[in-house]
>>> print(open('query-v2.cif').read())   # mmCIF, C-alpha atoms
data_structure
loop_
_atom_site.label_atom_id
_atom_site.label_comp_id
_atom_site.auth_asym_id
_atom_site.auth_seq_id
_atom_site.Cartn_x
_atom_site.Cartn_y
_atom_site.Cartn_z
CA MET A 20 69.94 24.13 -13.25
CA LYS A 21 70.29 20.37 -12.75
CA ASN A 22 71.53 20.91 -9.19
CA MET A 23 68.64 23.20 -8.46
CA LEU A 24 66.15 20.54 -9.63
CA ILE A 25 67.80 17.87 -7.46
CA ALA A 26 67.82 20.20 -4.44
CA GLY A 27 64.17 21.07 -4.98
CA THR A 28 63.14 17.43 -5.27
CA VAL A 29 65.07 16.52 -2.12
CA ALA A 30 63.41 19.38 -0.25
CA LEU A 31 59.93 18.30 -1.41
CA LEU A 32 60.39 14.62 -0.51
CA PRO A 33 59.51 14.95 3.22
CA VAL A 34 56.45 17.05 2.28
CA LEU A 35 55.32 14.36 -0.17
CA ALA A 36 55.93 11.63 2.38
CA LEU A 37 53.87 13.54 4.95
CA ALA A 38 51.11 14.19 2.46
CA THR A 39 50.80 10.50 1.59
CA SER A 40 50.98 9.28 5.20
CA THR A 41 48.33 11.65 6.64
CA PRO A 42 44.83 11.99 5.16
CA SER A 43 43.98 15.29 3.55
CA VAL A 44 41.45 17.61 5.13
CA GLY A 45 38.95 16.71 2.41
CA GLU A 46 39.40 13.00 3.00
CA ALA A 47 39.06 13.45 6.76
CA THR A 48 35.83 15.39 6.24
CA ARG A 49 34.47 12.69 3.95
CA LYS A 50 35.33 10.08 6.59
CA ASP A 51 33.52 12.14 9.21
CA VAL A 52 30.46 12.47 7.00
CA ARG A 53 30.49 8.73 6.36
CA GLU A 54 30.78 8.07 10.07
CA VAL A 55 27.91 10.44 10.92
CA LYS A 56 25.78 8.92 8.16
CA LYS A 57 26.48 5.46 9.55
CA GLN A 58 25.50 6.58 13.03
CA ILE A 59 22.26 8.15 11.75
CA GLN A 60 21.42 4.96 9.88
CA GLN A 61 22.13 2.90 12.97
CA ALA A 62 19.94 5.21 15.09
CA HIS A 63 17.18 5.01 12.48
CA ARG A 64 17.43 1.23 12.44
CA GLU A 65 17.19 1.09 16.23
CA PHE A 66 14.20 3.44 16.15
CA LYS A 67 12.48 1.29 13.54
CA LYS A 68 13.13 -1.85 15.56
CA GLU A 69 11.49 -0.22 18.55
CA ASN A 70 8.65 0.94 16.34
CA ILE A 71 8.08 -2.59 15.05
CA GLU A 72 8.05 -3.91 18.62
CA GLN A 73 5.62 -1.16 19.57
CA ASN A 74 3.39 -2.10 16.64
CA LYS A 75 3.26 -5.66 17.93
CA VAL A 76 2.06 -4.39 21.31
CA LEU A 77 -0.51 -2.13 19.65
CA ARG A 78 -1.78 -5.00 17.52
CA GLN A 79 -2.17 -7.11 20.65
CA GLU A 80 -4.15 -4.26 22.22
CA VAL A 81 -6.44 -4.00 19.20
CA ARG A 82 -6.88 -7.79 19.26
CA GLU A 83 -7.91 -7.69 22.91
CA LYS A 84 -10.20 -4.70 22.34
CA ARG A 85 -11.85 -6.39 19.40
CA SER A 86 -12.28 -9.62 21.30
CA ALA A 87 -13.79 -7.75 24.29
CA THR A 88 -16.20 -5.85 21.99
CA ASN A 89 -17.29 -9.08 20.30
CA GLU A 90 -17.80 -10.80 23.64
CA GLU A 91 -19.78 -7.85 24.97
CA ALA A 92 -21.95 -7.77 21.86
CA ARG A 93 -22.60 -11.49 22.15
CA THR A 94 -23.61 -11.27 25.82
CA LYS A 95 -25.84 -8.26 25.19
CA ARG A 96 -27.46 -9.95 22.23
CA GLU A 97 -28.23 -13.00 24.37
CA ALA A 98 -29.72 -10.75 27.04
CA PHE A 99 -31.71 -8.87 24.41
CA ARG A 100 -33.12 -12.12 23.06
CA THR A 101 -34.33 -13.28 26.50
CA GLU A 102 -35.51 -9.93 27.80
CA LYS A 103 -37.37 -8.81 24.71
CA LYS A 104 -38.86 -12.13 23.64
CA ASP A 105 -42.37 -11.16 24.78
CA LEU A 106 -42.42 -7.91 22.79
CA THR A 107 -44.30 -7.59 19.52
CA PRO A 108 -42.17 -7.50 16.32
CA ASP A 109 -42.65 -3.73 16.07
CA GLU A 110 -41.58 -3.17 19.66
CA ARG A 111 -38.61 -5.45 19.19
CA ARG A 112 -37.54 -3.53 16.09
CA PHE A 113 -37.69 -0.29 18.03
CA GLU A 114 -35.62 -1.73 20.89
CA ARG A 115 -33.22 -3.24 18.35
CA VAL A 116 -32.39 0.15 16.88
CA ILE A 117 -31.30 1.43 20.31
CA PHE A 118 -29.38 -1.78 21.02
CA ASN A 119 -27.57 -1.72 17.69
CA LYS A 120 -26.64 1.94 17.99
CA GLU A 121 -24.66 1.24 21.15
CA ILE A 122 -22.81 -1.74 19.70
CA HIS A 123 -22.26 0.06 16.42
CA ALA A 124 -20.60 3.02 18.21
CA LYS A 125 -18.12 0.65 19.89
CA ARG A 126 -17.28 -1.08 16.64
CA GLU A 127 -16.85 2.24 14.89
CA ALA A 128 -14.40 3.41 17.57
CA LEU A 129 -12.42 0.22 16.99
CA ARG A 130 -12.43 0.78 13.23
CA VAL A 131 -11.18 4.34 13.68
CA ASP A 132 -8.32 2.94 15.77
CA ILE A 133 -7.45 0.44 13.06
CA HIS A 134 -7.65 3.07 10.31
CA GLU A 135 -5.30 5.39 12.21
CA LYS A 136 -2.76 2.59 12.50
CA ARG A 137 -3.13 1.82 8.81
CA GLU A 138 -2.46 5.45 7.87
CA ALA A 139 0.62 5.58 10.11
CA PHE A 140 2.17 2.92 7.86
CA HIS A 141 1.35 4.86 4.68
CA GLU A 142 2.74 8.09 6.13
CA GLU A 143 6.17 6.48 6.57
CA LYS A 144 6.57 5.76 2.86
CA GLN A 145 9.19 8.48 2.28
CA GLU A 146 11.46 7.08 4.98
CA ARG A 147 11.17 3.57 3.59
CA ARG A 148 11.78 4.79 0.05
CA ALA A 149 14.90 6.64 1.14
CA ALA A 150 16.18 3.52 2.88
CA PHE A 151 15.49 1.33 -0.18
CA LYS A 152 17.13 3.94 -2.43
CA GLU A 153 20.45 3.50 -0.64
CA ARG A 154 20.59 -0.18 -1.49
CA LEU A 155 18.56 -0.51 -4.66
CA GLY A 156 18.64 2.85 -6.43
CA GLU A 157 15.96 5.48 -6.84
CA LEU A 158 13.78 3.90 -9.51
CA ARG A 159 13.60 0.46 -7.90
CA ALA A 160 12.92 2.05 -4.51
CA LYS A 161 10.03 4.00 -6.00
CA HIS A 162 8.59 0.94 -7.75
CA ILE A 163 8.92 -1.41 -4.79
CA GLU A 164 7.27 1.07 -2.42
CA ALA A 165 4.46 1.75 -4.91
CA PHE A 166 3.76 -1.93 -5.60
CA PHE A 167 3.72 -2.81 -1.90
CA THR A 168 1.61 0.23 -0.94
CA HIS A 169 -0.94 -0.64 -3.59
CA MET A 170 -1.08 -4.25 -2.46
CA VAL A 171 -1.64 -3.15 1.14
CA ARG A 172 -4.39 -0.72 0.05
CA LYS A 173 -6.10 -3.53 -1.85
CA ILE A 174 -5.99 -5.89 1.13
CA GLU A 175 -7.28 -3.12 3.42
CA ALA A 176 -10.12 -2.42 0.98
CA ALA A 177 -10.93 -6.16 0.85
CA ILE A 178 -11.05 -6.33 4.66
CA ASP A 179 -13.30 -3.25 4.78
CA ARG A 180 -15.50 -4.82 2.14
CA LEU A 181 -15.90 -8.00 4.22
CA GLU A 182 -16.70 -5.95 7.32
CA LYS A 183 -19.45 -4.10 5.45
CA LEU A 184 -20.82 -7.45 4.27
CA VAL A 185 -20.81 -8.62 7.91
CA ASP A 186 -22.89 -5.56 8.84
CA ARG A 187 -25.37 -6.28 6.07
CA ILE A 188 -25.73 -9.96 7.01
CA ASP A 189 -26.18 -8.95 10.65
CA SER A 190 -28.88 -6.55 9.64
CA ARG A 191 -30.66 -9.34 7.75
CA LEU A 192 -30.32 -11.72 10.73
CA ASP A 193 -31.79 -9.03 13.01
CA LYS A 194 -34.84 -8.88 10.77
CA PHE A 195 -35.23 -12.65 10.83
CA GLU A 196 -34.91 -12.64 14.60
CA ASP A 197 -37.40 -9.82 15.06
CA ASN A 198 -39.85 -11.94 13.14
CA GLY A 199 -39.39 -14.82 15.55
CA LYS A 200 -36.91 -16.92 13.57
CA ASP A 201 -34.13 -18.83 15.25
CA VAL A 202 -30.80 -17.50 14.01
CA VAL A 203 -28.47 -18.79 16.74
CA GLN A 204 -26.69 -21.10 14.29
CA PHE A 205 -26.03 -18.22 11.90
CA ARG A 206 -24.83 -15.94 14.68
CA THR A 207 -22.26 -18.57 15.67
CA MET A 208 -21.09 -18.81 12.07
CA MET A 209 -20.84 -15.01 11.93
CA ASP A 210 -18.63 -15.01 15.03
CA GLY A 211 -16.28 -17.37 13.20
CA ALA A 212 -16.23 -15.15 10.10
CA ARG A 213 -15.58 -12.08 12.21
CA ALA A 214 -12.63 -13.82 13.89
CA LYS A 215 -11.19 -14.66 10.48
CA ILE A 216 -11.44 -11.02 9.36
CA ALA A 217 -9.67 -9.94 12.57
CA SER A 218 -6.99 -12.51 11.90
CA ALA A 219 -6.48 -11.15 8.36
CA GLU A 220 -6.06 -7.59 9.67
CA ASP A 221 -3.58 -8.86 12.23
CA ALA A 222 -1.60 -10.78 9.60
CA LEU A 223 -1.50 -7.65 7.41
CA GLY A 224 0.04 -5.75 10.33
CA SER A 225 2.81 -8.37 10.56
CA ALA A 226 3.42 -8.14 6.80
CA LYS A 227 3.74 -4.36 7.02
CA ASP A 228 6.23 -4.66 9.88
CA ALA A 229 8.28 -7.14 7.85
CA PHE A 230 8.30 -4.71 4.91
CA ASP A 231 9.48 -1.93 7.23
CA ALA A 232 12.28 -4.21 8.42
CA MET A 233 13.11 -5.10 4.80
CA SER A 234 13.67 -1.44 3.94
CA LEU A 235 16.45 -1.34 6.54
CA SER A 236 17.87 -4.75 5.82
CA GLU A 237 21.40 -5.15 4.47
CA ASP A 238 20.01 -7.80 2.16
CA PRO A 239 16.54 -6.69 0.95
CA LYS A 240 16.25 -9.69 -1.39
CA ASP A 241 16.63 -12.08 1.50
CA ALA A 242 14.31 -10.06 3.74
CA PHE A 243 11.65 -10.05 1.03
CA ALA A 244 11.17 -13.81 1.43
CA GLU A 245 9.61 -13.19 4.85
CA VAL A 246 7.47 -10.29 3.53
CA LYS A 247 6.23 -12.54 0.76
CA ARG A 248 5.32 -15.35 3.14
CA LEU A 249 3.37 -12.97 5.39
CA VAL A 250 1.52 -11.25 2.52
CA LYS A 251 0.51 -14.63 1.07
CA ASP A 252 -0.67 -15.69 4.52
CA THR A 253 -2.71 -12.46 4.80
CA ALA A 254 -4.31 -12.92 1.38
CA GLU A 255 -5.22 -16.50 2.30
CA LYS A 256 -6.80 -15.29 5.55
CA VAL A 257 -8.91 -12.77 3.61
CA ARG A 258 -10.04 -15.58 1.32
CA GLU A 259 -10.88 -17.76 4.35
CA ALA A 260 -12.99 -14.95 5.82
CA HIS A 261 -14.72 -14.56 2.48
CA ARG A 262 -15.44 -18.29 2.36
CA ALA A 263 -16.85 -18.15 5.90
CA LEU A 264 -19.28 -15.37 4.89
CA THR A 265 -20.26 -17.28 1.75
CA GLN A 266 -21.06 -20.28 3.94
CA VAL A 267 -23.30 -18.13 6.15
CA ILE A 268 -25.19 -16.83 3.13
CA ASN A 269 -25.47 -20.32 1.64
CA SER A 270 -26.82 -21.64 4.94
CA ILE A 271 -29.38 -18.83 5.10
CA ARG A 272 -30.38 -19.57 1.54
CA GLY A 273 -30.63 -23.25 2.38
CA THR A 274 -33.08 -22.49 5.15
CA SER A 275 -35.95 -21.84 2.80
CA GLU A 276 -38.23 -21.05 5.72
CA LEU A 277 -36.20 -17.91 6.33
CA PHE A 278 -35.26 -17.07 2.79
CA GLY A 279 -38.19 -15.77 0.83
CA VAL A 280 -40.11 -14.59 3.85
CA LEU A 281 -38.10 -11.44 4.41
CA ASP A 282 -35.76 -11.14 1.48
CA ASP A 283 -38.02 -8.80 -0.41
CA ASP A 284 -37.51 -5.61 -2.34
CA SER A 285 -38.80 -3.45 0.49
CA SER A 286 -35.48 -3.86 2.25
CA GLU A 287 -33.40 -2.89 -0.79
CA ASN A 288 -30.97 -0.08 -0.13
CA SER A 289 -31.67 -0.18 3.57
CA THR A 290 -28.60 0.89 5.45
CA SER A 291 -27.41 -1.56 8.02
CA THR A 292 -27.53 -0.28 11.58
CA SER A 293 -26.33 -3.50 13.05
CA GLY A 294 -23.13 -3.34 14.95
CA GLU A 295 -22.38 -6.95 15.63
CA MET B 5 50.94 41.26 -58.68
CA ASP B 6 47.63 42.98 -58.02
CA THR B 7 45.85 40.25 -59.97
CA VAL B 8 47.52 37.56 -57.84
CA ASN B 9 46.52 39.39 -54.64
CA GLN B 10 42.96 39.77 -55.88
CA GLN B 11 42.82 36.07 -56.77
CA SER B 12 44.07 34.91 -53.34
CA GLY B 13 41.67 37.37 -51.61
CA GLY B 14 38.75 35.87 -53.58
CA GLU B 15 39.82 32.32 -52.64
CA GLN B 16 40.05 33.34 -48.97
CA LYS B 17 36.54 34.84 -49.14
CA SER B 18 35.06 31.74 -50.71
CA GLN B 19 36.86 29.59 -48.10
CA THR B 20 35.36 31.71 -45.30
CA VAL B 21 31.92 31.30 -46.85
CA TRP B 22 32.39 27.51 -46.91
CA TYR B 23 33.53 27.56 -43.26
CA VAL B 24 30.40 29.52 -42.28
CA VAL B 25 28.18 27.17 -44.29
CA GLY B 26 29.89 24.18 -42.65
CA VAL B 27 29.41 25.59 -39.15
CA VAL B 28 25.74 26.38 -39.87
CA VAL B 29 25.16 22.84 -41.18
CA VAL B 30 26.87 21.27 -38.14
CA VAL B 31 24.89 23.47 -35.71
CA ALA B 32 21.64 22.66 -37.53
CA ALA B 33 22.47 18.94 -37.41
CA LEU B 34 23.24 19.18 -33.68
CA VAL B 35 19.99 21.03 -33.00
CA ALA B 36 18.02 18.45 -34.98
CA LEU B 37 19.75 15.62 -33.14
CA TYR B 38 19.03 17.26 -29.78
CA TYR B 39 15.32 17.58 -30.56
CA LEU B 40 15.17 14.04 -31.84
CA VAL B 41 16.82 12.61 -28.71
CA THR B 42 14.80 14.70 -26.22
CA SER B 43 11.50 13.93 -27.91
CA ARG B 44 12.36 10.20 -27.86
CA GLU B 45 13.32 10.42 -24.17
CA LEU B 46 10.04 12.17 -23.39
CA THR B 47 8.10 9.49 -25.17
CA SER B 48 9.93 6.74 -23.36
CA ILE B 49 9.59 8.25 -19.87
CA THR B 50 6.01 9.39 -20.16
CA PRO B 51 4.10 6.84 -18.09
CA PRO B 52 0.70 5.57 -19.15
CA VAL B 53 -1.89 8.03 -17.90
CA PRO B 54 -3.78 6.51 -14.99
CA GLU B 55 -7.53 6.69 -15.24
CA ILE B 56 -9.11 9.00 -12.70
CA VAL B 57 -11.88 7.32 -10.75
CA PRO B 58 -14.20 9.58 -8.76
CA GLY B 59 -14.00 9.11 -5.01
CA ILE B 60 -10.75 7.13 -5.12
CA VAL B 61 -7.62 8.91 -3.95
CA ILE B 62 -4.40 7.35 -5.18
CA ASP B 63 -0.87 8.28 -4.25
CA GLU B 64 0.92 9.95 -7.18
CA ASP B 65 3.74 7.38 -7.32
CA VAL B 66 1.34 4.47 -7.10
CA ALA B 67 -0.79 5.89 -9.91
CA GLU B 68 2.34 6.19 -12.05
CA VAL B 69 3.69 2.71 -11.32
CA VAL B 70 0.32 0.89 -11.22
CA PRO B 71 -1.95 2.63 -13.77
CA THR B 72 -4.90 0.38 -12.83
CA ALA B 73 -4.65 1.22 -9.10
CA ALA B 74 -7.80 3.35 -8.95
CA GLN B 75 -9.91 0.78 -10.76
CA ASP B 76 -8.57 -2.03 -8.54
CA LEU B 77 -9.61 -0.15 -5.42
CA GLN B 78 -12.91 0.95 -6.86
CA ALA B 79 -13.82 -2.65 -7.66
CA LEU B 80 -13.13 -3.63 -4.04
CA GLU B 81 -14.92 -0.67 -2.50
CA ALA B 82 -18.08 -0.76 -4.62
CA GLN B 83 -20.92 -2.62 -2.99
CA GLY B 84 -24.58 -2.11 -2.26
CA THR B 85 -26.16 -1.34 1.07
CA SER B 86 -29.14 -3.66 0.88
CA ASP B 87 -29.45 -6.48 3.40
CA ALA B 88 -31.43 -8.67 1.03
CA VAL B 89 -29.77 -12.10 0.83
CA SER B 90 -29.61 -12.02 -2.97
CA SER B 91 -27.92 -8.60 -2.91
CA ILE B 92 -25.37 -9.68 -0.28
CA GLU B 93 -24.70 -12.86 -2.22
CA SER B 94 -24.16 -10.92 -5.41
CA ASP B 95 -21.64 -8.59 -3.72
CA LEU B 96 -19.89 -11.55 -2.11
CA ASN B 97 -19.50 -13.18 -5.52
CA ALA B 98 -18.20 -9.95 -7.02
CA SER B 99 -15.57 -9.42 -4.32
CA GLY B 100 -12.59 -10.12 -6.60
CA ILE B 101 -10.18 -11.09 -3.83
CA GLU B 102 -8.22 -13.67 -5.81
CA ASN B 103 -5.37 -11.39 -6.82
CA LEU B 104 -4.71 -9.44 -3.66
CA ASP B 105 -1.04 -10.46 -3.58
CA LYS B 106 -0.44 -10.08 -7.33
CA GLU B 107 2.16 -7.31 -6.88
CA LEU B 108 4.53 -9.71 -5.08
CA SER B 109 5.73 -10.93 -8.47
CA ASP B 110 6.28 -7.31 -9.60
CA ILE B 111 8.48 -6.73 -6.54
CA ASP B 112 10.29 -10.00 -7.30
CA LYS B 113 11.14 -8.61 -10.73
CA GLU B 114 12.34 -5.30 -9.29
CA LEU B 115 14.63 -7.21 -6.95
CA GLY B 116 15.85 -9.39 -9.81
CA LEU B 117 14.45 -12.52 -8.21
CA PRO B 118 13.30 -15.45 -10.36
#
>>> encode(input="query-v2.cif", output="structure tokens")
Amino acid sequence: MKNMLIAGTVALLPVLALATSTPSVGEATRKDVREVKKQIQQAHREFKKENIEQNKVLRQEVREKRSATNEEARTKREAFRTEKKDLTPDERRFERVIFNKEIHAKREALRVDIHEKREAFHEEKQERRAAFKERLGELRAKHIEAFFTHMVRKIEAAIDRLEKLVDRIDSRLDKFEDNGKDVVQFRTMMDGARAKIASAEDALGSAKDAFDAMSLSEDPKDAFAEVKRLVKDTAEKVREAHRALTQVINSIRGTSELFGVLDDDSSENSTSTSGE
Amino acid sequence: MDTVNQQSGGEQKSQTVWYVVGVVVVVAALVALYYLVTSRELTSITPPVPEIVPGIVIDEDVAEVVPTAAQDLQALEAQGTSDAVSSIESDLNASGIENLDKELSDIDKELGLP
């Protein structure tokens, strides 16, 4: 019996040695899966990098488009002022409606462009969440994505709010102008405010790109420092734009000749048609 | 002899009864414990119910994590349409843009940052 045990052990030794020196089929498969997973992650990272670069180009395009639209509106407004100066207020109002419709359509097209880009970011939330989940766990991934998404939605809503306020101020300035008041100073201030709003939207785009990059970062904590800096910068730009609009309104209020003449209840709830 | 057998049979019966009673008590205790634990878990994982605001669409996860999300957005979106200076001024003052980046500190906490 003892001899049989010894013989059996001796016979099994090479098998054991082979088993320990070569990986099992299961282990090999796991290695393969890990390797494939790594490759997919790498490909995803590369794709995201390209995407972020592409976003930068798109933002530049929007910037240029916006700048061209603003410039065009300014030139046309100048031309309108000179060409229609001899018209009666009623005639000028009529011409103004046609003029504003054209500018408004261009601005709307630009806004649609911006909104599409905004939605593209929100549609990628599942991918980002999955990427965060790998490094931070499911619950944290869910929370981080939700907090950031909400913050972005708030900033977008604030930018939209300022743009609507711009439309309403423009509409008021149009009325002043149609009644023969000089509003050149206010128009210049409005151009400045509009530029600040554009700058806030642009900064938000950079913050979103940084958050995308953070989701793929090996060290999300470290990458968040950059996201934080960019979001703070964006929020400050929104506040600057808000301050610029407040200054315009304060200046209009300060010009008592204008304020009080047209700021009556008859214009309440009038929908702005101004595009500039 | 018969008396002895009868006595031991009676003892066995009463023992079996006690075993059954014991098992029933243990099962009942386990069931009670299970209900207690699951009801506690449900209470602890049930998130605060987010308020539904008409016209505001909020992502399900966001509504769960930030219960005030709809109200935050509603406050930013609500404004008049009048171009009267006083109306514009009032909406400018009510813009509430001071806390746009408030959630950065929540993310800090999630990441375990100071």
>>> axis_aligned_box(input="query-v2.cif", around="region 18-36 of chain B", padding_each_side="8 Å", output="AutoDock Vina command-line options")
--center_x 27.4 --center_y 25.1 --center_z -41.9 --size_x 34.8 --size_y 29.3 --size_z 33.7
>>> interface_residues(input="query-v2.cif", of="chain B", to="chain A", cutoff="7 Å", atoms="only C-alpha atoms", output="short mmCIF file (atom, residue, chain, number, x, y, z; two decimals) with C-alpha atoms, in the coordinates of the input")
data_model
loop_
_atom_site.label_atom_id
_atom_site.label_comp_id
_atom_site.auth_asym_id
_atom_site.auth_seq_id
_atom_site.Cartn_x
_atom_site.Cartn_y
_atom_site.Cartn_z
CA ASP B 65 3.74 7.38 -7.32
CA VAL B 66 1.34 4.47 -7.10
CA VAL B 69 3.69 2.71 -11.32
CA ALA B 73 -4.65 1.22 -9.10
CA LEU B 77 -9.61 -0.15 -5.42
CA LEU B 80 -13.13 -3.63 -4.04
CA GLU B 81 -14.92 -0.67 -2.50
CA THR B 85 -26.16 -1.34 1.07
CA SER B 86 -29.14 -3.66 0.88
CA ASP B 87 -29.45 -6.48 3.40
CA ALA B 88 -31.43 -8.67 1.03
CA VAL B 89 -29.77 -12.10 0.83
CA ILE B 92 -25.37 -9.68 -0.28
CA GLU B 93 -24.70 -12.86 -2.22
CA LEU B 96 -19.89 -11.55 -2.11
CA ILE B 101 -10.18 -11.09 -3.83
CA LEU B 104 -4.71 -9.44 -3.66
CA ASP B 105 -1.04 -10.46 -3.58
CA GLU B 107 2.16 -7.31 -6.88
CA LEU B 108 4.53 -9.71 -5.08
CA ILE B 111 8.48 -6.73 -6.54
CA GLU B 114 12.34 -5.30 -9.29
CA LEU B 115 14.63 -7.21 -6.95
#
>>> atom_distance(input="query-v2.cif", atom1="CA of Arg248 (chain A)", atom2="CA of Ala226 (chain A)")
8.3 Å
>>> closest_atom_pairs(input="query-v2.cif", of="region 195-229 of chain A", to="region 64-88 of chain A", cutoff="9 Å", atoms="all atoms listed in the file", output="tab-separated table")
residue	atom	partner	partner_atom	distance
A:Ala214	CA	A:Ser86	CA	8.5
A:Ala217	CA	A:Arg82	CA	7.6
A:Ser218	CA	A:Arg82	CA	8.7
A:Asp221	CA	A:Arg78	CA	6.8
A:Gly224	CA	A:Arg78	CA	7.5
A:Ser225	CA	A:Lys75	CA	7.9
A:Asp228	CA	A:Ile71	CA	5.9
A:Ala229	CA	A:Ile71	CA	8.5
>>> atom_distance(input="query-v2.cif", atom1="CA of Gln204 (chain A)", atom2="CA of Phe113 (chain A)")
23.8 Å
>>> atom_distance(input="query-v2.cif", atom1="CA of Pro108 (chain A)", atom2="CA of Asn198 (chain A)")
5.9 Å
>>> closest_residue(input="query-v2.cif", among="A:Val52, A:Ala139, A:Ala260, A:Val131", to="Ile216 (chain A)", atoms="all atoms listed in the file")
A:Ala260
